[in-house]
Amino acid sequence: MTDEALIRVRNLRKLFPVRKGFLSSIFSRESLHIHAVDNVSFDIKQDEVLGLVGESGCGKTTLGRLLIRLIEPTSGDVFFRDINIMELSRSEMQSMRPKMQIIFQDPYESLNPRMTVLDLVGEPLEINALVGSESEKEESVAEILEHVRMTPPGEFMFRYPHELSGGQRQRVAVARALVIHPDFVVADEPVSMLDTSTRGEILNLMIELRGLTRSYLFITHELAVARHFCDRIAIMYLGRIMEMARSDDIIRRPIHPYTKALIEATPVPDPSARKEKVSIKGEVLSPINPPRRCRFYTRCLAAKDICSKLEPELVDIGGGHMVACHLYP
Ligand code: SF4
């Protein structure tokens with residue numbers, strides 16, 4: 001991994017409007033928005049896997065889609081190398097697409113049931129004019145199917161998604177994303193819909209395939225999964241990044257009260273190492289027009305007076321370990 005940034009995210013925000021009821025629209029002129037991603041800035045280095053971890057509904061998927069401009073932001077910028085992709089025209093963005101791909105969470109929904117494996121995996125090659133004939137397409141698809149361990153490829157190429165297991169479908173989704181050798185991939189909870197043994201296989205496969213594409217945003221709600229695959233981890237809570245550091249640092253030396261609570265609540269793989277499962281108590285702040293204070297305030301056992309009045313910024317407390325909490329630095 002180098003220190004050079006591949007992706008730079010600056011002050012990114014995505015607000016979704018909330019429809020008001022008849023009476024509330026009479027009594028209040030304030031427009032209501034869900035602050036799904038709220039003023040987020042970070043870098044992903046060249047050849048780095050950054051894990052994005054948080055509870056469901058915290059804005060992880062929205063952030064992942066913003067990064068490759070599958071959805072438009074309310075404000076903010078995303079630079080791919082030195083290009084601000086938010087300023088690109090539709091056709092310019094189209095030519096950027098082969099460099100940035102996504103693996104979706106649900107292999108049952110993300111694959112068109114009427115297409116064969118050959119067509120599903122070959123489609124990105126055709127859309128981006130990377131093959132000139134059907135035989136070239138077959139050759140490239142066979143090669144990537146070998147990589148994702150669907151062998152012999154001829155046995156799988158003409159099957160439809162319903163003729164595959166969940167794990168095989170996700171292998172096809174991985175092959176479809178990687179067949180054009182993108183520079184950057186958003187992997188949105190790629191193993192969360194799979195059973196325990198299959199998810200291990202897919203994770204190990206993705207580690208093996210780092211030679212094809214080296215830079216990822218890896219979205220997951222499981223810290224243990226992120227630790228397995230990621231160089232650094234960012235912890236997200238209600239649309240904001242709360243802590244970001246190297247994976248080992250964040251697991252061994254968590255700083256933010258939310259990260260500490262998440263680690264406490266993480267199941268221990270070794271049953272002999274007994275650890276009490278801790279739930280994070282307290283009311284979750286509404287993501288609709290949240291007040292400018294710490295978003296974890298309502299659940300934090302260490303909260304101080306200032307936490308209810310001022311939103312903490314994400315700051316480097318040393319060695320690239322970033323924390324957004326009034327207790328630090
Ligand atoms: Fe807790 Fe305050 Fe830190 Fe927020 S800023 S996590 S409320 S101590």
# chains A, B, ... in the order shown; residues from 1 in each chain; ligands from 1
$ closest_atom_pairs --of "chain A" --to "ligand 1" --cutoff "7 Å" --atoms "only C-alpha atoms and all ligand atoms" --output "tab-separated table"
residue	atom	partner	partner_atom_place_in_ligand_line	distance
A:His256	CA	ligand 1	6 (S)	6.0
A:Pro257	CA	ligand 1	6 (S)	5.2
A:Tyr258	CA	ligand 1	6 (S)	6.4
A:Cys294	CA	ligand 1	4 (Fe)	4.6
A:Arg295	CA	ligand 1	4 (Fe)	6.6
A:Phe296	CA	ligand 1	4 (Fe)	5.1
A:Tyr297	CA	ligand 1	7 (S)	3.7
A:Cys300	CA	ligand 1	1 (Fe)	4.6
A:Leu301	CA	ligand 1	1 (Fe)	6.7
A:Ala302	CA	ligand 1	8 (S)	4.8
A:Ala303	CA	ligand 1	7 (S)	4.0
A:Lys304	CA	ligand 1	2 (Fe)	5.6
A:Cys307	CA	ligand 1	2 (Fe)	4.3
A:Pro312	CA	ligand 1	5 (S)	5.9
A:Ala324	CA	ligand 1	5 (S)	6.8
A:Cys325	CA	ligand 1	3 (Fe)	3.7
A:His326	CA	ligand 1	5 (S)	4.2
A:Leu327	CA	ligand 1	8 (S)	5.4
$ write_last_selection --atoms "all heavy atoms" --output "CSV table (one decimal), in the first residue's frame"
chain,number,residue,atom,x,y,z
A,256,HIS,N,-13.2,5.7,20.8
A,256,HIS,CA,-14.5,6.4,20.8
A,256,HIS,C,-15.5,5.5,21.6
A,256,HIS,O,-15.5,4.2,21.5
A,256,HIS,CB,-15.0,6.5,19.4
A,256,HIS,CG,-16.2,7.4,19.3
A,256,HIS,ND1,-17.5,7.0,19.7
A,256,HIS,CD2,-16.3,8.7,19.0
A,256,HIS,CE1,-18.3,8.1,19.5
A,256,HIS,NE2,-17.6,9.1,19.1
A,257,PRO,N,-16.3,6.0,22.5
A,257,PRO,CA,-17.2,5.2,23.3
A,257,PRO,C,-18.1,4.3,22.5
A,257,PRO,O,-18.4,3.2,22.9
A,257,PRO,CB,-18.0,6.3,24.1
A,257,PRO,CG,-17.1,7.4,24.2
A,257,PRO,CD,-16.3,7.5,22.9
A,258,TYR,N,-18.5,4.8,21.3
A,258,TYR,CA,-19.3,3.9,20.4
A,258,TYR,C,-18.5,2.7,19.9
A,258,TYR,O,-19.0,1.6,19.9
A,258,TYR,CB,-19.9,4.7,19.2
A,258,TYR,CG,-20.7,3.9,18.3
A,258,TYR,CD1,-21.8,3.1,18.7
A,258,TYR,CD2,-20.3,3.8,16.9
A,258,TYR,CE1,-22.5,2.4,17.8
A,258,TYR,CE2,-21.1,3.0,16.0
A,258,TYR,CZ,-22.2,2.3,16.5
A,258,TYR,OH,-22.9,1.5,15.6
A,294,CYS,N,-23.2,15.9,19.6
A,294,CYS,CA,-22.7,14.6,19.4
A,294,CYS,C,-23.8,13.6,19.1
A,294,CYS,O,-24.8,13.6,19.9
A,294,CYS,CB,-21.8,14.1,20.5
A,294,CYS,SG,-21.3,12.4,20.2
A,295,ARG,N,-23.8,12.9,18.0
A,295,ARG,CA,-24.9,12.0,17.7
A,295,ARG,C,-25.0,10.8,18.6
A,295,ARG,O,-26.0,10.1,18.6
A,295,ARG,CB,-24.8,11.6,16.2
A,295,ARG,CG,-24.8,12.8,15.4
A,295,ARG,CD,-25.1,12.6,14.0
A,295,ARG,NE,-25.1,14.0,13.5
A,295,ARG,CZ,-25.3,14.3,12.2
A,295,ARG,NH1,-25.7,13.4,11.4
A,295,ARG,NH2,-25.3,15.6,11.9
A,296,PHE,N,-23.9,10.5,19.3
A,296,PHE,CA,-24.0,9.4,20.2
A,296,PHE,C,-24.4,9.8,21.6
A,296,PHE,O,-24.5,8.9,22.5
A,296,PHE,CB,-22.6,8.7,20.2
A,296,PHE,CG,-22.6,7.3,20.8
A,296,PHE,CD1,-23.4,6.3,20.4
A,296,PHE,CD2,-21.7,7.0,21.9
A,296,PHE,CE1,-23.4,5.1,21.0
A,296,PHE,CE2,-21.7,5.8,22.5
A,296,PHE,CZ,-22.6,4.8,22.0
A,297,TYR,N,-24.7,11.1,21.8
A,297,TYR,CA,-24.9,11.6,23.1
A,297,TYR,C,-26.0,10.9,23.9
A,297,TYR,O,-25.8,10.6,25.1
A,297,TYR,CB,-25.3,13.1,22.9
A,297,TYR,CG,-25.7,13.8,24.2
A,297,TYR,CD1,-24.8,14.2,25.1
A,297,TYR,CD2,-27.1,14.1,24.4
A,297,TYR,CE1,-25.2,14.8,26.3
A,297,TYR,CE2,-27.5,14.7,25.6
A,297,TYR,CZ,-26.5,15.1,26.5
A,297,TYR,OH,-26.9,15.7,27.7
A,300,CYS,N,-24.4,7.6,25.2
A,300,CYS,CA,-23.0,7.5,25.7
A,300,CYS,C,-22.9,7.6,27.2
A,300,CYS,O,-23.5,8.5,27.8
A,300,CYS,CB,-22.2,8.7,25.1
A,300,CYS,SG,-20.5,8.7,25.6
A,301,LEU,N,-22.2,6.7,27.8
A,301,LEU,CA,-22.1,6.7,29.3
A,301,LEU,C,-21.1,7.7,29.8
A,301,LEU,O,-21.0,8.0,31.0
A,301,LEU,CB,-21.7,5.3,29.8
A,301,LEU,CG,-22.7,4.1,29.4
A,301,LEU,CD1,-22.1,2.8,29.8
A,301,LEU,CD2,-24.0,4.4,30.1
A,302,ALA,N,-20.2,8.2,28.8
A,302,ALA,CA,-19.2,9.1,29.2
A,302,ALA,C,-19.5,10.6,28.9
A,302,ALA,O,-18.7,11.5,29.0
A,302,ALA,CB,-17.9,8.7,28.5
A,303,ALA,N,-20.8,10.8,28.5
A,303,ALA,CA,-21.2,12.2,28.0
A,303,ALA,C,-20.9,13.3,29.0
A,303,ALA,O,-21.1,13.1,30.2
A,303,ALA,CB,-22.6,12.2,27.5
A,304,LYS,N,-20.5,14.5,28.5
A,304,LYS,CA,-20.3,15.6,29.3
A,304,LYS,C,-21.2,16.7,28.8
A,304,LYS,O,-21.9,16.6,27.8
A,304,LYS,CB,-18.8,16.1,29.2
A,304,LYS,CG,-17.8,15.1,29.5
A,304,LYS,CD,-16.4,15.8,29.6
A,304,LYS,CE,-16.0,16.3,28.2
A,304,LYS,NZ,-14.6,16.8,28.2
A,307,CYS,N,-21.0,17.9,25.2
A,307,CYS,CA,-21.4,16.9,24.1
A,307,CYS,C,-22.8,17.2,23.6
A,307,CYS,O,-23.2,16.9,22.5
A,307,CYS,CB,-21.4,15.5,24.7
A,307,CYS,SG,-19.8,15.1,25.4
A,312,PRO,N,-18.7,17.1,17.8
A,312,PRO,CA,-17.2,17.0,17.7
A,312,PRO,C,-16.8,16.7,16.3
A,312,PRO,O,-17.4,16.0,15.5
A,312,PRO,CB,-16.9,15.8,18.6
A,312,PRO,CG,-18.2,15.0,18.7
A,312,PRO,CD,-19.3,15.9,18.5
A,324,ALA,N,-13.8,11.3,16.6
A,324,ALA,CA,-14.7,12.5,16.8
A,324,ALA,C,-15.4,12.4,18.2
A,324,ALA,O,-16.4,11.7,18.3
A,324,ALA,CB,-15.7,12.5,15.7
A,325,CYS,N,-14.7,12.9,19.2
A,325,CYS,CA,-15.3,12.8,20.5
A,325,CYS,C,-14.6,13.9,21.4
A,325,CYS,O,-13.4,14.2,21.3
A,325,CYS,CB,-14.9,11.5,21.1
A,325,CYS,SG,-15.4,11.3,22.9
A,326,HIS,N,-15.5,14.6,22.2
A,326,HIS,CA,-15.0,15.7,23.0
A,326,HIS,C,-14.0,15.3,24.1
A,326,HIS,O,-13.3,16.1,24.7
A,326,HIS,CB,-16.1,16.5,23.6
A,326,HIS,CG,-16.9,17.3,22.6
A,326,HIS,ND1,-16.3,18.2,21.8
A,326,HIS,CD2,-18.2,17.3,22.3
A,326,HIS,CE1,-17.2,18.7,21.0
A,326,HIS,NE2,-18.4,18.2,21.3
A,327,LEU,N,-13.9,14.0,24.3
A,327,LEU,CA,-13.0,13.5,25.4
A,327,LEU,C,-11.5,13.5,24.8
A,327,LEU,O,-10.6,13.3,25.6
A,327,LEU,CB,-13.3,12.1,25.8
A,327,LEU,CG,-14.7,11.8,26.4
A,327,LEU,CD1,-14.8,10.4,26.8
A,327,LEU,CD2,-14.8,12.7,27.7
$ residues_around --residues "A:Gln101" --least-positions-apart "5" --cutoff "12 Å" --atoms "only C-alpha atoms" --output "MDAnalysis selection string"
chainID A and resid 64:65 67:70 94 96 124 173:188 213 215:217
$ closest_atom_pairs --of "stretch 28-132 of chain A" --to "stretch 143-147 of chain A" --cutoff "12 Å" --atoms "only C-alpha atoms" --output "tab-separated table"
residue	atom	partner	partner_atom	distance
A:Val117	CA	A:Leu145	CA	9.4
A:Leu118	CA	A:Leu145	CA	9.5
A:Leu120	CA	A:Leu145	CA	11.7
A:Val121	CA	A:Ile144	CA	8.6
A:Gly122	CA	A:Ile144	CA	10.0
A:Leu125	CA	A:Ile144	CA	11.7
$ write_last_selection --atoms "N, CA, C and O atoms" --output "PDB file, in the first residue's frame"
ATOM      1  N   VAL A 117     -24.795 -17.057 -16.829  1.00  0.00           N
ATOM      2  CA  VAL A 117     -23.550 -16.597 -16.193  1.00  0.00           C
ATOM      3  C   VAL A 117     -22.662 -15.934 -17.241  1.00  0.00           C
ATOM      4  O   VAL A 117     -22.059 -14.873 -16.992  1.00  0.00           O
ATOM      5  N   LEU A 118     -22.597 -16.512 -18.427  1.00  0.00           N
ATOM      6  CA  LEU A 118     -21.756 -15.935 -19.486  1.00  0.00           C
ATOM      7  C   LEU A 118     -22.180 -14.498 -19.781  1.00  0.00           C
ATOM      8  O   LEU A 118     -21.335 -13.595 -19.870  1.00  0.00           O
ATOM      9  N   LEU A 120     -24.090 -12.486 -17.844  1.00  0.00           N
ATOM     10  CA  LEU A 120     -23.981 -11.623 -16.661  1.00  0.00           C
ATOM     11  C   LEU A 120     -22.554 -11.121 -16.475  1.00  0.00           C
ATOM     12  O   LEU A 120     -22.312  -9.939 -16.247  1.00  0.00           O
ATOM     13  N   VAL A 121     -21.607 -12.044 -16.584  1.00  0.00           N
ATOM     14  CA  VAL A 121     -20.208 -11.664 -16.343  1.00  0.00           C
ATOM     15  C   VAL A 121     -19.637 -10.952 -17.572  1.00  0.00           C
ATOM     16  O   VAL A 121     -18.782 -10.063 -17.446  1.00  0.00           O
ATOM     17  N   GLY A 122     -20.156 -11.320 -18.763  1.00  0.00           N
ATOM     18  CA  GLY A 122     -19.627 -10.718 -19.993  1.00  0.00           C
ATOM     19  C   GLY A 122     -20.183  -9.334 -20.266  1.00  0.00           C
ATOM     20  O   GLY A 122     -19.599  -8.560 -21.026  1.00  0.00           O
ATOM     21  N   LEU A 125     -17.930  -6.305 -19.976  1.00  0.00           N
ATOM     22  CA  LEU A 125     -16.916  -6.314 -21.035  1.00  0.00           C
ATOM     23  C   LEU A 125     -17.504  -5.728 -22.317  1.00  0.00           C
ATOM     24  O   LEU A 125     -16.849  -4.952 -23.018  1.00  0.00           O
TER      25      LEU A 125
END
$ residues_around --residues "stretch 198-211 of chain A" --least-positions-apart "3" --cutoff "8 Å" --atoms "only C-alpha atoms" --output "VMD selection string"
chain A and resid 147 to 148 167 170 to 171 191 to 192 194 to 195 214 229
$ select_by_dssp --residues "stretch 76-162 of chain A" --states "strand (DSSP E or B)" --output "ChimeraX atom specification"
/A:76-80,83-84,100-103
$ closest_residue --among "A:Pro254, A:Gly54, A:Pro17, A:Pro152" --to "A:Asn289" --atoms "only C-alpha atoms"
A:Pro17
$ select_by_dssp --residues "stretch 55-262 of chain A" --states "alpha helix (DSSP H)" --output "NGL selection string"
:A and (60-67 or 90-96 or 117-127 or 134-147 or 153-156 or 166-178 or 196-208 or 223-229 or 247-252 or 257-262)
